[in-house]
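**Q** File name input-v9.csv; file contents CSV, C-alpha atoms (C1' of nucleotides); full text below.
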chain,number,residue,atom,x,y,z
A,74,MET,CA,-4.8,-11.4,-16.7
A,75,SER,CA,-2.2,-9.1,-15.0
A,76,LEU,CA,-1.6,-10.7,-11.6
A,77,PRO,CA,0.5,-13.5,-12.9
A,78,HIS,CA,2.7,-11.0,-14.8
A,79,ALA,CA,3.0,-8.8,-11.7
A,80,ILE,CA,4.2,-11.8,-9.8
A,81,LEU,CA,6.7,-12.8,-12.5
A,82,THR,CA,8.0,-9.3,-12.5
A,83,ALA,CA,8.4,-9.2,-8.8
A,84,LEU,CA,10.1,-12.7,-8.8
A,85,LEU,CA,12.5,-11.6,-11.5
A,86,GLU,CA,13.5,-8.6,-9.5
A,87,LYS,CA,14.1,-11.0,-6.6
A,88,PRO,CA,13.2,-14.6,-5.9
A,89,SER,CA,10.8,-14.7,-2.9
A,90,SER,CA,8.4,-16.7,-0.8
A,91,GLY,CA,4.6,-16.1,-0.9
A,92,LEU,CA,4.7,-14.0,2.2
A,93,GLU,CA,7.7,-11.9,1.1
A,94,LEU,CA,5.8,-11.3,-2.2
A,95,THR,CA,2.8,-10.2,-0.3
A,96,ARG,CA,4.8,-7.7,1.7
A,97,ARG,CA,6.4,-6.3,-1.5
A,98,PHE,CA,2.9,-6.0,-3.0
A,99,ASP,CA,2.1,-3.8,0.0
A,100,ARG,CA,5.0,-1.5,-1.0
A,101,SER,CA,6.4,-1.2,-4.5
A,102,ILE,CA,4.7,-3.4,-7.2
A,103,GLY,CA,1.4,-3.2,-5.3
A,104,TYR,CA,1.2,0.5,-5.8
A,105,PHE,CA,0.2,-0.3,-9.4
A,106,TRP,CA,-1.3,-3.7,-9.0
A,107,SER,CA,-2.5,-4.5,-5.5
A,108,SER,CA,-3.2,-8.0,-4.3
A,109,THR,CA,-3.8,-10.1,-1.2
A,110,HIS,CA,-1.8,-13.1,0.1
A,111,GLN,CA,-4.7,-15.5,-0.8
A,112,GLN,CA,-4.6,-14.5,-4.4
A,113,ILE,CA,-0.9,-14.6,-4.5
A,114,TYR,CA,-0.6,-18.2,-3.2
A,115,ARG,CA,-3.3,-19.3,-5.6
A,116,GLU,CA,-1.5,-17.8,-8.5
A,117,LEU,CA,1.9,-19.1,-7.4
A,118,GLY,CA,0.4,-22.6,-7.5
A,119,LYS,CA,-0.9,-22.0,-11.1
A,120,LEU,CA,2.4,-20.6,-12.3
A,121,GLU,CA,4.3,-23.5,-10.8
A,122,GLN,CA,1.9,-26.0,-12.4
A,123,ALA,CA,2.4,-24.2,-15.7
A,124,GLY,CA,6.2,-24.5,-15.5
A,125,ARG,CA,6.8,-20.7,-15.4
A,126,ILE,CA,8.3,-20.7,-12.0
A,127,ARG,CA,9.7,-23.3,-9.6
A,128,ALA,CA,10.3,-23.7,-5.9
A,129,LEU,CA,13.9,-23.4,-5.0
A,130,PRO,CA,15.1,-27.0,-4.3
A,131,THR,CA,16.5,-26.0,-0.9
A,132,ALA,CA,13.0,-25.3,0.5
A,133,ALA,CA,11.0,-28.0,2.2
A,134,PRO,CA,7.5,-28.3,0.6
A,135,ALA,CA,5.5,-28.6,3.9
A,136,ARG,CA,2.7,-26.5,5.1
A,137,GLY,CA,3.8,-23.7,7.4
A,138,GLN,CA,7.3,-23.9,6.0
A,139,LYS,CA,8.8,-21.2,3.9
A,140,LYS,CA,8.9,-21.9,0.1
A,141,GLU,CA,10.9,-19.7,-2.2
A,142,TYR,CA,10.2,-19.4,-5.9
A,143,GLU,CA,12.3,-18.3,-8.9
A,144,VAL,CA,11.3,-17.6,-12.5
A,145,LEU,CA,12.1,-20.3,-15.2
A,146,PRO,CA,13.0,-19.3,-18.8
A,147,ALA,CA,9.4,-20.1,-19.9
A,148,GLY,CA,8.2,-17.5,-17.3
A,149,ARG,CA,10.6,-14.8,-18.6
A,150,GLU,CA,9.5,-15.5,-22.2
A,151,GLU,CA,5.8,-15.3,-21.2
A,152,LEU,CA,6.4,-12.0,-19.5
A,153,ALA,CA,8.3,-10.5,-22.4
A,154,ALA,CA,5.5,-11.6,-24.8
A,155,TRP,CA,2.9,-10.0,-22.5
A,156,VAL,CA,4.8,-6.7,-22.4
A,157,ALA,CA,4.8,-6.5,-26.2
A,158,LEU,CA,1.1,-7.2,-26.4
A,159,PRO,CA,-1.2,-4.2,-27.1
A,160,GLU,CA,-3.9,-3.7,-24.5
A,161,ASP,CA,-6.4,-0.9,-24.4
A,162,PRO,CA,-6.7,1.3,-21.2
A,163,ARG,CA,-9.5,0.0,-19.1
A,164,PRO,CA,-12.7,2.0,-18.9
A,165,VAL,CA,-12.6,4.2,-15.7
A,166,ARG,CA,-14.5,2.9,-12.7
A,167,ASP,CA,-14.3,5.3,-9.9
A,168,PRO,CA,-16.7,5.2,-7.0
A,169,LEU,CA,-16.0,8.7,-5.8
A,170,LEU,CA,-16.8,10.4,-9.2
A,171,LEU,CA,-19.9,8.2,-9.3
A,172,ARG,CA,-21.0,9.2,-5.9
A,173,MET,CA,-20.6,12.8,-6.8
A,174,ARG,CA,-22.9,12.2,-9.8
A,175,ALA,CA,-25.4,10.5,-7.5
A,176,ALA,CA,-25.1,13.5,-5.1
A,177,ALA,CA,-26.3,15.7,-8.0
A,178,VAL,CA,-29.6,13.8,-7.8
A,179,VAL,CA,-30.1,13.1,-4.1
A,180,GLY,CA,-28.1,15.9,-2.4
A,181,VAL,CA,-24.6,16.4,-1.2
A,182,ASN,CA,-25.0,14.8,2.2
A,183,GLY,CA,-21.7,14.1,3.9
A,184,MET,CA,-19.7,14.8,0.7
A,185,GLY,CA,-17.7,17.8,2.0
A,186,SER,CA,-16.0,15.9,4.8
A,187,GLU,CA,-15.6,12.8,2.6
A,188,LEU,CA,-13.8,14.9,0.0
A,189,ARG,CA,-11.5,16.4,2.6
A,190,ARG,CA,-10.8,12.9,3.9
A,191,HIS,CA,-9.8,11.7,0.4
A,192,LEU,CA,-7.7,14.8,0.0
A,193,ALA,CA,-5.7,13.9,3.1
A,194,LEU,CA,-5.3,10.3,2.0
A,195,HIS,CA,-4.0,11.3,-1.4
A,196,GLU,CA,-1.6,13.8,0.1
A,197,ARG,CA,-0.2,11.1,2.3
A,198,GLN,CA,0.3,8.8,-0.7
A,199,LEU,CA,2.0,11.6,-2.6
A,200,ALA,CA,4.3,12.2,0.3
A,201,GLU,CA,5.2,8.5,0.4
A,202,TYR,CA,6.0,8.5,-3.3
A,203,ARG,CA,8.1,11.5,-3.0
A,204,GLU,CA,10.1,9.9,-0.2
A,205,ILE,CA,10.7,6.9,-2.4
A,206,GLU,CA,11.8,9.2,-5.2
A,207,GLU,CA,14.2,11.0,-2.9
A,208,ARG,CA,15.6,7.7,-1.6
A,209,ASP,CA,15.8,5.6,-4.8
A,210,PHE,CA,15.9,8.0,-7.7
A,211,THR,CA,18.0,11.0,-6.6
A,212,PRO,CA,20.1,11.8,-8.5
A,213,ALA,CA,18.3,10.8,-11.7
A,214,PRO,CA,19.4,7.2,-12.5
A,215,GLU,CA,21.5,6.3,-15.5
A,216,GLY,CA,20.6,2.6,-16.2
A,217,ASP,CA,17.6,1.8,-18.5
A,218,ALA,CA,15.8,-0.3,-15.9
A,219,ASP,CA,15.9,2.3,-13.2
A,220,ARG,CA,14.9,5.0,-15.6
A,221,LEU,CA,11.8,3.0,-16.4
A,222,ARG,CA,11.0,2.3,-12.8
A,223,HIS,CA,11.4,6.0,-12.1
A,224,LEU,CA,8.9,6.7,-14.9
A,225,VAL,CA,6.4,4.4,-13.3
A,226,LEU,CA,6.8,6.2,-10.0
A,227,ARG,CA,6.3,9.5,-11.8
A,228,GLY,CA,3.0,8.0,-13.0
A,229,GLY,CA,2.0,7.5,-9.4
A,230,ILE,CA,3.1,11.0,-8.4
A,231,ASP,CA,1.3,12.6,-11.3
A,232,LEU,CA,-1.9,10.6,-10.5
A,233,GLU,CA,-1.9,11.6,-6.9
A,234,THR,CA,-1.3,15.2,-8.0
A,235,PHE,CA,-4.3,15.0,-10.3
A,236,TRP,CA,-6.5,13.9,-7.4
A,237,ILE,CA,-5.2,16.5,-5.0
A,238,GLY,CA,-5.9,19.2,-7.6
A,239,TRP,CA,-9.4,17.9,-8.5
A,240,LEU,CA,-10.4,17.4,-4.8
A,241,THR,CA,-9.2,20.9,-3.9
A,242,ARG,CA,-11.2,22.4,-6.6
A,243,ALA,CA,-14.3,20.3,-5.7
A,244,ILE,CA,-14.1,21.3,-2.1
A,245,GLY,CA,-13.9,24.9,-3.0
A,246,ASP,CA,-16.8,24.6,-5.4
A,247,LEU,CA,-19.0,22.9,-2.8
A,248,GLU,CA,-18.4,25.6,-0.3
A,249,ASP,CA,-20.0,28.4,-2.4
B,14,MET,CA,-21.3,-2.5,-4.7
B,15,SER,CA,-21.4,0.5,-7.0
B,16,LEU,CA,-23.3,-0.8,-10.1
B,17,PRO,CA,-26.8,-0.8,-8.5
B,18,HIS,CA,-26.2,2.8,-7.4
B,19,ALA,CA,-25.0,3.8,-10.8
B,20,ILE,CA,-28.2,2.4,-12.2
B,21,LEU,CA,-30.4,4.1,-9.5
B,22,THR,CA,-28.7,7.4,-10.4
B,23,ALA,CA,-29.3,6.9,-14.1
B,24,LEU,CA,-32.9,5.9,-13.5
B,25,LEU,CA,-33.6,8.9,-11.3
B,26,GLU,CA,-32.2,11.2,-14.0
B,27,LYS,CA,-34.6,9.5,-16.4
B,28,PRO,CA,-36.7,6.3,-16.3
B,29,SER,CA,-35.5,3.9,-18.9
B,30,SER,CA,-35.5,0.4,-20.2
B,31,GLY,CA,-32.5,-1.9,-20.0
B,32,LEU,CA,-31.2,-1.2,-23.4
B,33,GLU,CA,-31.6,2.6,-23.0
B,34,LEU,CA,-29.6,2.3,-19.8
B,35,THR,CA,-27.0,0.3,-21.6
B,36,ARG,CA,-26.7,3.1,-24.2
B,37,ARG,CA,-26.4,5.7,-21.6
B,38,PHE,CA,-23.7,3.7,-19.9
B,39,ASP,CA,-21.8,4.0,-23.2
B,40,ARG,CA,-22.0,7.7,-22.9
B,41,SER,CA,-22.4,9.7,-19.7
B,42,ILE,CA,-22.6,7.6,-16.5
B,43,GLY,CA,-20.5,4.9,-18.1
B,44,TYR,CA,-17.5,7.3,-18.4
B,45,PHE,CA,-17.1,6.8,-14.6
B,46,TRP,CA,-18.7,3.4,-14.1
B,47,SER,CA,-18.7,1.3,-17.2
B,48,SER,CA,-21.0,-1.8,-17.6
B,49,THR,CA,-22.4,-4.2,-20.1
B,50,HIS,CA,-26.1,-5.0,-20.9
B,51,GLN,CA,-25.9,-8.4,-19.3
B,52,GLN,CA,-24.8,-7.0,-16.0
B,53,ILE,CA,-27.4,-4.3,-16.2
B,54,TYR,CA,-30.3,-6.7,-16.8
B,55,ARG,CA,-29.1,-8.9,-14.0
B,56,GLU,CA,-28.9,-5.9,-11.7
B,57,LEU,CA,-32.3,-4.5,-12.8
B,58,GLY,CA,-33.8,-7.8,-11.8
B,59,LYS,CA,-32.2,-7.7,-8.3
B,60,LEU,CA,-33.2,-4.1,-7.8
B,61,GLU,CA,-36.8,-4.9,-8.8
B,62,GLN,CA,-36.8,-7.9,-6.5
B,63,ALA,CA,-35.6,-5.8,-3.6
B,64,GLY,CA,-38.3,-3.2,-4.1
B,65,ARG,CA,-36.0,-0.4,-5.1
B,66,ILE,CA,-37.4,0.1,-8.6
B,67,ARG,CA,-40.4,-1.1,-10.5
B,68,ALA,CA,-41.4,-1.7,-14.1
B,69,LEU,CA,-43.7,1.0,-15.3
B,70,PRO,CA,-47.2,-0.5,-15.4
B,71,THR,CA,-47.8,0.3,-19.1
B,72,ALA,CA,-45.0,-2.1,-20.2
B,73,ALA,CA,-45.8,-5.7,-21.1
B,74,PRO,CA,-43.6,-8.1,-19.2
B,75,ALA,CA,-42.8,-10.4,-22.2
B,76,ARG,CA,-39.4,-11.3,-23.5
B,77,GLY,CA,-38.3,-9.1,-26.4
B,78,GLN,CA,-40.7,-6.4,-25.3
B,79,LYS,CA,-39.4,-3.1,-24.0
B,80,LYS,CA,-39.7,-2.8,-20.2
B,81,GLU,CA,-39.2,0.6,-18.6
B,82,TYR,CA,-38.2,1.1,-14.9
B,83,GLU,CA,-38.6,3.9,-12.5
B,84,VAL,CA,-37.1,4.4,-9.0
B,85,LEU,CA,-39.2,3.8,-5.9
B,86,PRO,CA,-38.8,5.8,-2.7
B,87,ALA,CA,-36.9,3.0,-1.1
B,88,GLY,CA,-34.4,3.2,-4.0
B,89,ARG,CA,-33.9,6.9,-3.6
B,90,GLU,CA,-33.3,6.4,0.2
B,91,GLU,CA,-30.9,3.6,-0.5
B,92,LEU,CA,-29.0,5.9,-2.9
B,93,ALA,CA,-28.9,8.8,-0.5
B,94,ALA,CA,-27.6,6.6,2.3
B,95,TRP,CA,-24.8,5.3,-0.1
B,96,VAL,CA,-23.8,8.8,-1.0
B,97,ALA,CA,-23.3,9.6,2.7
B,98,LEU,CA,-21.2,6.5,3.4
B,99,PRO,CA,-17.4,6.9,3.6
B,100,GLU,CA,-15.5,4.7,1.2
B,101,ASP,CA,-11.7,4.7,0.7
B,102,PRO,CA,-10.2,5.2,-2.7
B,103,ARG,CA,-9.5,1.8,-4.2
B,104,PRO,CA,-5.9,0.8,-4.7
B,105,VAL,CA,-4.6,1.6,-8.1
B,106,ARG,CA,-4.6,-1.3,-10.6
B,107,ASP,CA,-3.2,-0.2,-13.9
B,108,PRO,CA,-1.9,-2.6,-16.5
B,109,LEU,CA,0.1,-0.1,-18.4
B,110,LEU,CA,2.1,1.1,-15.5
B,111,LEU,CA,2.6,-2.5,-14.5
B,112,ARG,CA,3.8,-3.4,-18.0
B,113,MET,CA,6.3,-0.6,-17.9
B,114,ARG,CA,7.6,-2.0,-14.7
B,115,ALA,CA,7.9,-5.4,-16.3
B,116,ALA,CA,9.6,-3.8,-19.3
B,117,ALA,CA,12.3,-2.6,-16.9
B,118,VAL,CA,13.1,-6.3,-16.3
B,119,VAL,CA,12.6,-8.0,-19.7
B,120,GLY,CA,13.1,-5.0,-22.1
B,121,VAL,CA,11.0,-2.4,-23.7
B,122,ASN,CA,9.8,-4.4,-26.7
B,123,GLY,CA,6.9,-2.7,-28.4
B,124,MET,CA,6.4,-0.2,-25.7
B,125,GLY,CA,7.1,2.9,-27.8
B,126,SER,CA,4.3,2.3,-30.3
B,127,GLU,CA,2.0,1.2,-27.5
B,128,LEU,CA,2.6,4.4,-25.6
B,129,ARG,CA,1.8,6.4,-28.7
B,130,ARG,CA,-1.3,4.4,-29.3
B,131,HIS,CA,-2.5,5.1,-25.7
B,132,LEU,CA,-1.7,8.7,-26.1
B,133,ALA,CA,-3.9,9.0,-29.2
B,134,LEU,CA,-6.8,7.2,-27.3
B,135,HIS,CA,-6.5,9.5,-24.4
B,136,GLU,CA,-6.4,12.5,-26.7
B,137,ARG,CA,-9.6,11.3,-28.3
B,138,GLN,CA,-11.3,10.8,-25.0
B,139,LEU,CA,-10.3,14.3,-23.9
B,140,ALA,CA,-11.7,15.8,-27.0
B,141,GLU,CA,-15.0,14.0,-26.4
B,142,TYR,CA,-15.2,15.4,-22.9
B,143,ARG,CA,-14.4,18.9,-24.1
B,144,GLU,CA,-17.2,18.6,-26.6
B,145,ILE,CA,-19.6,17.6,-23.9
B,146,GLU,CA,-18.4,20.5,-21.7
B,147,GLU,CA,-18.9,22.9,-24.6
B,148,ARG,CA,-22.4,21.6,-25.3
B,149,ASP,CA,-23.8,21.1,-21.8
B,150,PHE,CA,-21.8,23.3,-19.4
B,151,THR,CA,-21.1,26.5,-21.3
B,152,PRO,CA,-21.8,29.0,-19.9
B,153,ALA,CA,-21.0,27.7,-16.4
B,154,PRO,CA,-24.2,26.3,-14.9
B,155,GLU,CA,-26.1,27.9,-12.0
B,156,GLY,CA,-28.1,25.0,-10.5
B,157,ASP,CA,-26.4,22.8,-7.8
B,158,ALA,CA,-27.1,19.6,-9.7
B,159,ASP,CA,-25.5,20.8,-12.9
B,160,ARG,CA,-22.5,22.3,-11.0
B,161,LEU,CA,-21.9,18.9,-9.5
B,162,ARG,CA,-22.2,17.1,-12.9
B,163,HIS,CA,-19.8,19.6,-14.3
B,164,LEU,CA,-17.3,18.8,-11.5
B,165,VAL,CA,-17.5,15.1,-12.4
B,166,LEU,CA,-16.8,15.9,-16.0
B,167,ARG,CA,-13.9,18.1,-14.9
B,168,GLY,CA,-12.6,14.9,-13.1
B,169,GLY,CA,-12.7,13.1,-16.4
B,170,ILE,CA,-10.9,16.0,-18.2
B,171,ASP,CA,-8.2,16.3,-15.6
B,172,LEU,CA,-7.7,12.5,-15.6
B,173,GLU,CA,-7.2,12.4,-19.3
B,174,THR,CA,-4.9,15.4,-19.1
B,175,PHE,CA,-2.8,13.6,-16.5
B,176,TRP,CA,-2.4,10.6,-18.9
B,177,ILE,CA,-1.6,12.7,-21.8
B,178,GLY,CA,1.1,14.5,-19.8
B,179,TRP,CA,2.6,11.3,-18.4
B,180,LEU,CA,2.5,9.5,-21.8
B,181,THR,CA,4.2,12.4,-23.5
B,182,ARG,CA,7.0,12.5,-21.0
B,183,ALA,CA,7.4,8.7,-21.1
B,184,ILE,CA,7.6,8.7,-24.9
B,185,GLY,CA,10.2,11.4,-24.8
B,186,ASP,CA,12.2,9.5,-22.1
B,187,LEU,CA,12.2,6.3,-24.1
B,188,GLU,CA,13.6,7.9,-27.2
B,189,ASP,CA,16.8,9.0,-25.6
C,105,DA,C1',-42.1,-14.4,-46.0
C,106,DT,C1',-37.7,-13.1,-44.7
C,107,DC,C1',-34.2,-10.4,-42.8
C,108,DA,C1',-32.2,-6.7,-40.1
C,109,DG,C1',-32.1,-4.8,-35.9
C,110,DC,C1',-34.3,-4.0,-31.4
C,111,DA,C1',-34.7,-5.9,-26.9
C,112,DT,C1',-34.3,-9.1,-23.1
C,113,DG,C1',-32.3,-12.5,-21.2
C,114,DT,C1',-29.2,-17.3,-19.6
C,115,DA,C1',-25.0,-19.8,-18.7
C,116,DA,C1',-20.4,-20.6,-17.9
C,117,DC,C1',-16.4,-18.7,-16.5
C,118,DC,C1',-12.7,-15.8,-14.2
C,119,DA,C1',-10.6,-12.6,-11.0
C,120,DG,C1',-10.8,-10.6,-6.7
C,121,DT,C1',-12.6,-10.5,-1.7
C,122,DT,C1',-13.6,-12.2,2.9
C,123,DA,C1',-13.5,-15.5,6.3
C,124,DC,C1',-11.4,-19.1,8.2
C,125,DA,C1',-7.9,-23.2,9.0
C,126,DT,C1',-3.5,-25.2,10.0
C,127,DG,C1',1.4,-26.0,10.7
C,128,DA,C1',6.1,-24.2,12.1
C,129,DT,C1',9.1,-21.3,14.8
C,130,DT,C1',10.4,-18.1,18.3
C,131,DT,C1',10.1,-16.1,22.8
C,132,DA,C1',8.3,-15.2,27.5
D,294,DT,C1',4.5,-25.1,27.7
D,295,DA,C1',1.8,-21.3,26.2
D,296,DA,C1',1.3,-17.4,23.4
D,297,DA,C1',2.7,-14.7,19.6
D,298,DT,C1',3.9,-14.5,15.0
D,299,DC,C1',5.5,-16.3,10.8
D,300,DA,C1',3.9,-18.9,6.9
D,301,DT,C1',0.9,-21.4,3.7
D,302,DG,C1',-3.1,-22.5,2.5
D,303,DT,C1',-8.9,-23.7,1.6
D,304,DA,C1',-13.7,-22.4,0.9
D,305,DA,C1',-17.5,-19.7,-0.2
D,306,DC,C1',-19.0,-15.8,-2.3
D,307,DT,C1',-19.4,-11.6,-5.4
D,308,DG,C1',-18.8,-8.8,-9.3
D,309,DG,C1',-17.5,-8.6,-14.0
D,310,DT,C1',-16.8,-10.8,-18.7
D,311,DT,C1',-17.7,-13.6,-22.7
D,312,DA,C1',-20.5,-16.3,-25.4
D,313,DC,C1',-24.8,-17.6,-26.7
D,314,DA,C1',-30.2,-17.9,-26.9
D,315,DT,C1',-34.7,-16.1,-27.8
D,316,DG,C1',-38.6,-13.2,-28.9
D,317,DC,C1',-40.6,-9.0,-31.1
D,318,DT,C1',-41.1,-5.3,-34.8
D,319,DG,C1',-40.7,-2.9,-39.1
D,320,DA,C1',-38.8,-2.7,-43.9
D,321,DT,C1',-38.4,-4.9,-48.4
Can the structure from this file be put into structure tokens for me?

**A**
Amino acid sequence: MSLPHAILTALLEKPSSGLELTRRFDRSIGYFWSSTHQQIYRELGKLEQAGRIRALPTAAPARGQKKEYEVLPAGREELAAWVALPEDPRPVRDPLLLRMRAAAVVGVNGMGSELRRHLALHERQLAEYREIEERDFTPAPEGDADRLRHLVLRGGIDLETFWIGWLTRAIGDLED
Amino acid sequence: MSLPHAILTALLEKPSSGLELTRRFDRSIGYFWSSTHQQIYRELGKLEQAGRIRALPTAAPARGQKKEYEVLPAGREELAAWVALPEDPRPVRDPLLLRMRAAAVVGVNGMGSELRRHLALHERQLAEYREIEERDFTPAPEGDADRLRHLVLRGGIDLETFWIGWLTRAIGDLED
DNA sequence: ATCAGCATGTAACCAGTTACATGATTTA
DNA sequence: TAAATCATGTAACTGGTTACATGCTGAT
């Protein structure tokens, strides 16, 4: 049940249309909760139905016409309640680690090049995060909100760093 | 499409019944691809239908009666083909990072205690991994298969270590 | 004979993915 | 006026979750 809350967060940061949201999910919020435009439109419909958001009155409600949404008080309350709710970390589900485990049984076919490919992808992602850090969080921010957003970004950076470290070690190990 | 391959891997390591598989998913394989018994039974049915596995002839096919499966050659080939297939890392989808981002907008309600709770959970998981490492991979294994399984476990250890590091920093930051 | 626990399943639902449809606006 | 692209959607499907149903086996 996280997508609606991701959308509420994004809309609180800035009222947007469905497509604008989609684009922002490809950049900032989406780094931690990815989604597609189909899912976003569906969820926007539900949120509007439930009285958590509303279409800005200026926008015409026709197909093909831009429709901007903003968060209503009920939506903000809902989001605040969700933030306070305890929720366990989800069990890991990682296809690459699983594949490696399978490779222990059926042989390490194309694993070497696959690991190098993943390494390159994670290095690219890390570089992107570092650019954002440089641009938005240097020097270190003062306000609470930006400090938190910086922490989230650090999470992304640390996660990519973990992958790069593990993949580098794995590639070395495989080559023996 | 990873669950069937997780099951094939587990069955190649050791032929099992549905419930035995479920238990092993709560321990080893499930650390990297979690699943429930309902899903496992459903998938076992499909795999049998598709001729990738078969019930051991000894077992009676009645409800409530234990039914053991083994992997057929077609299943092993399928698994080997899957291992060789390139597959991009999935986009991150992490509720805690998302919640932190939401907290930047609506305030850090119960986040402090929640972060400490997660920290404890990750520390417990790390301890469990270290026990397994001690028991199964000390001294460092010689065989290829066990070296790969050790690598996978290292993945788990490094991932938990990342979380512990990030959570510790986040808790410190919040307290200022 | 009953009950606890082992073991296998069914059904309904929900979230996410993939493929496709349609209208509006801009530009060549 | 045709094509590109912006923008909003529908439909069908798949994988995963939650809740429940049923049969067998061994202990008291």

**Q** Take CA of Ile170 (chain B) and CA of Gln138 (chain B) and report the distance between them in Å, one decimal.

**A** 8.6 Å

**Q** Would you kindly report the residues of chain A within 12 Å of chain C, using all atoms listed in the file, as a count of residues only?

**A** 20

**Q** In Å, with one decimal, what is the gap from CA of Glu151 (chain A) to CA of Pro88 (chain A)?

**A** 17.0 Å

**Q** Taking (-29.4, 8.5, -13.4) in the file's coordinates as the center, which residues reach within 12 Å of it, counting all atoms listed in the file, put as a PyMOL selection string?

**A** (chain A and resi 171-179) or (chain B and resi 16-29+33-35+37-38+41-43+46+82-84+88-89+92+158+162)

**Q** What gap, in Å, lies between CA of Pro102 (chain B) and CA of Arg189 (chain A)?

**A**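 It comes out at 12.5 Å.
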
**Q** Restricting the calculation to all atoms listed in the file, which member of D:DT311, D:DT318, D:DA300, D:DA305 is positioned closest to chain A?

**A**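 Checking each of D:DT311, D:DT318, D:DA300, D:DA305 against chain A, counting all atoms listed in the file, the winner is D:DA300.
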
**Q** Of the candidates B:Leu57, B:Leu85, B:Ala93, B:Leu180, which shows the shortest atom-to-atom distance to chain A, using only C-alpha atoms?

**A**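 Checking each of B:Leu57, B:Leu85, B:Ala93, B:Leu180 against chain A, counting only C-alpha atoms, the winner is B:Ala93.
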
**Q** Mind running chain D against chain B at 9 Å and telling me each contacting residue's nearest atom pair with the distance in Å (one decimal), counting only C-alpha atoms (C1' of nucleotides), chain and number ascending, as a tab-separated table?

**A**
residue	atom	partner	partner_atom	distance
D:DG308	C1'	B:Met14	CA	8.2
D:DG309	C1'	B:Gln52	CA	7.7
D:DT310	C1'	B:Thr49	CA	8.8
D:DT315	C1'	B:Arg76	CA	8.0
D:DG316	C1'	B:Gly77	CA	4.8
D:DC317	C1'	B:Gly77	CA	5.2

**Q** From the set A:Asp249, A:Tyr114, A:Lys140, A:Ala123, which residue has the shortest atom-to-atom contact distance to DT303 (chain D), counting only C-alpha atoms (C1' of nucleotides)?

**A**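 Nearest to DT303 (chain D): A:Tyr114.
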
**Q** Restricting the calculation to only C-alpha atoms, which member of B:Asp107, B:Gly64, B:Asp101, B:His135 is positioned closest to Ala87 (chain B)?

**A** B:Gly64

**Q** Looking at B:Pro154, B:Gly185, B:Pro70, B:Gly168, which one is nearest to chain A, with distances taken over all atoms listed in the file?

**A**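 So, comparing all the options, the nearest one is B:Gly168.
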
**Q** Using only C-alpha atoms for the distances, tell me which of A:Glu196, A:Glu141, A:Glu248, A:Glu187 is nearest to chain B.

**A**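 Of the candidates, the smallest distance to chain B is held by A:Glu187.
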
**Q** List the neighbours of Leu172 (chain B) out to 12 Å using only C-alpha atoms (C1' of nucleotides); skip same-chain residues closer than 2 positions along the sequence, and give me the result as an MDAnalysis selection string.

**A** (chainID A and resid 165 167 170 228 231:239) or (chainID B and resid 44:45 135:136 138:139 142 165:170 174:179)
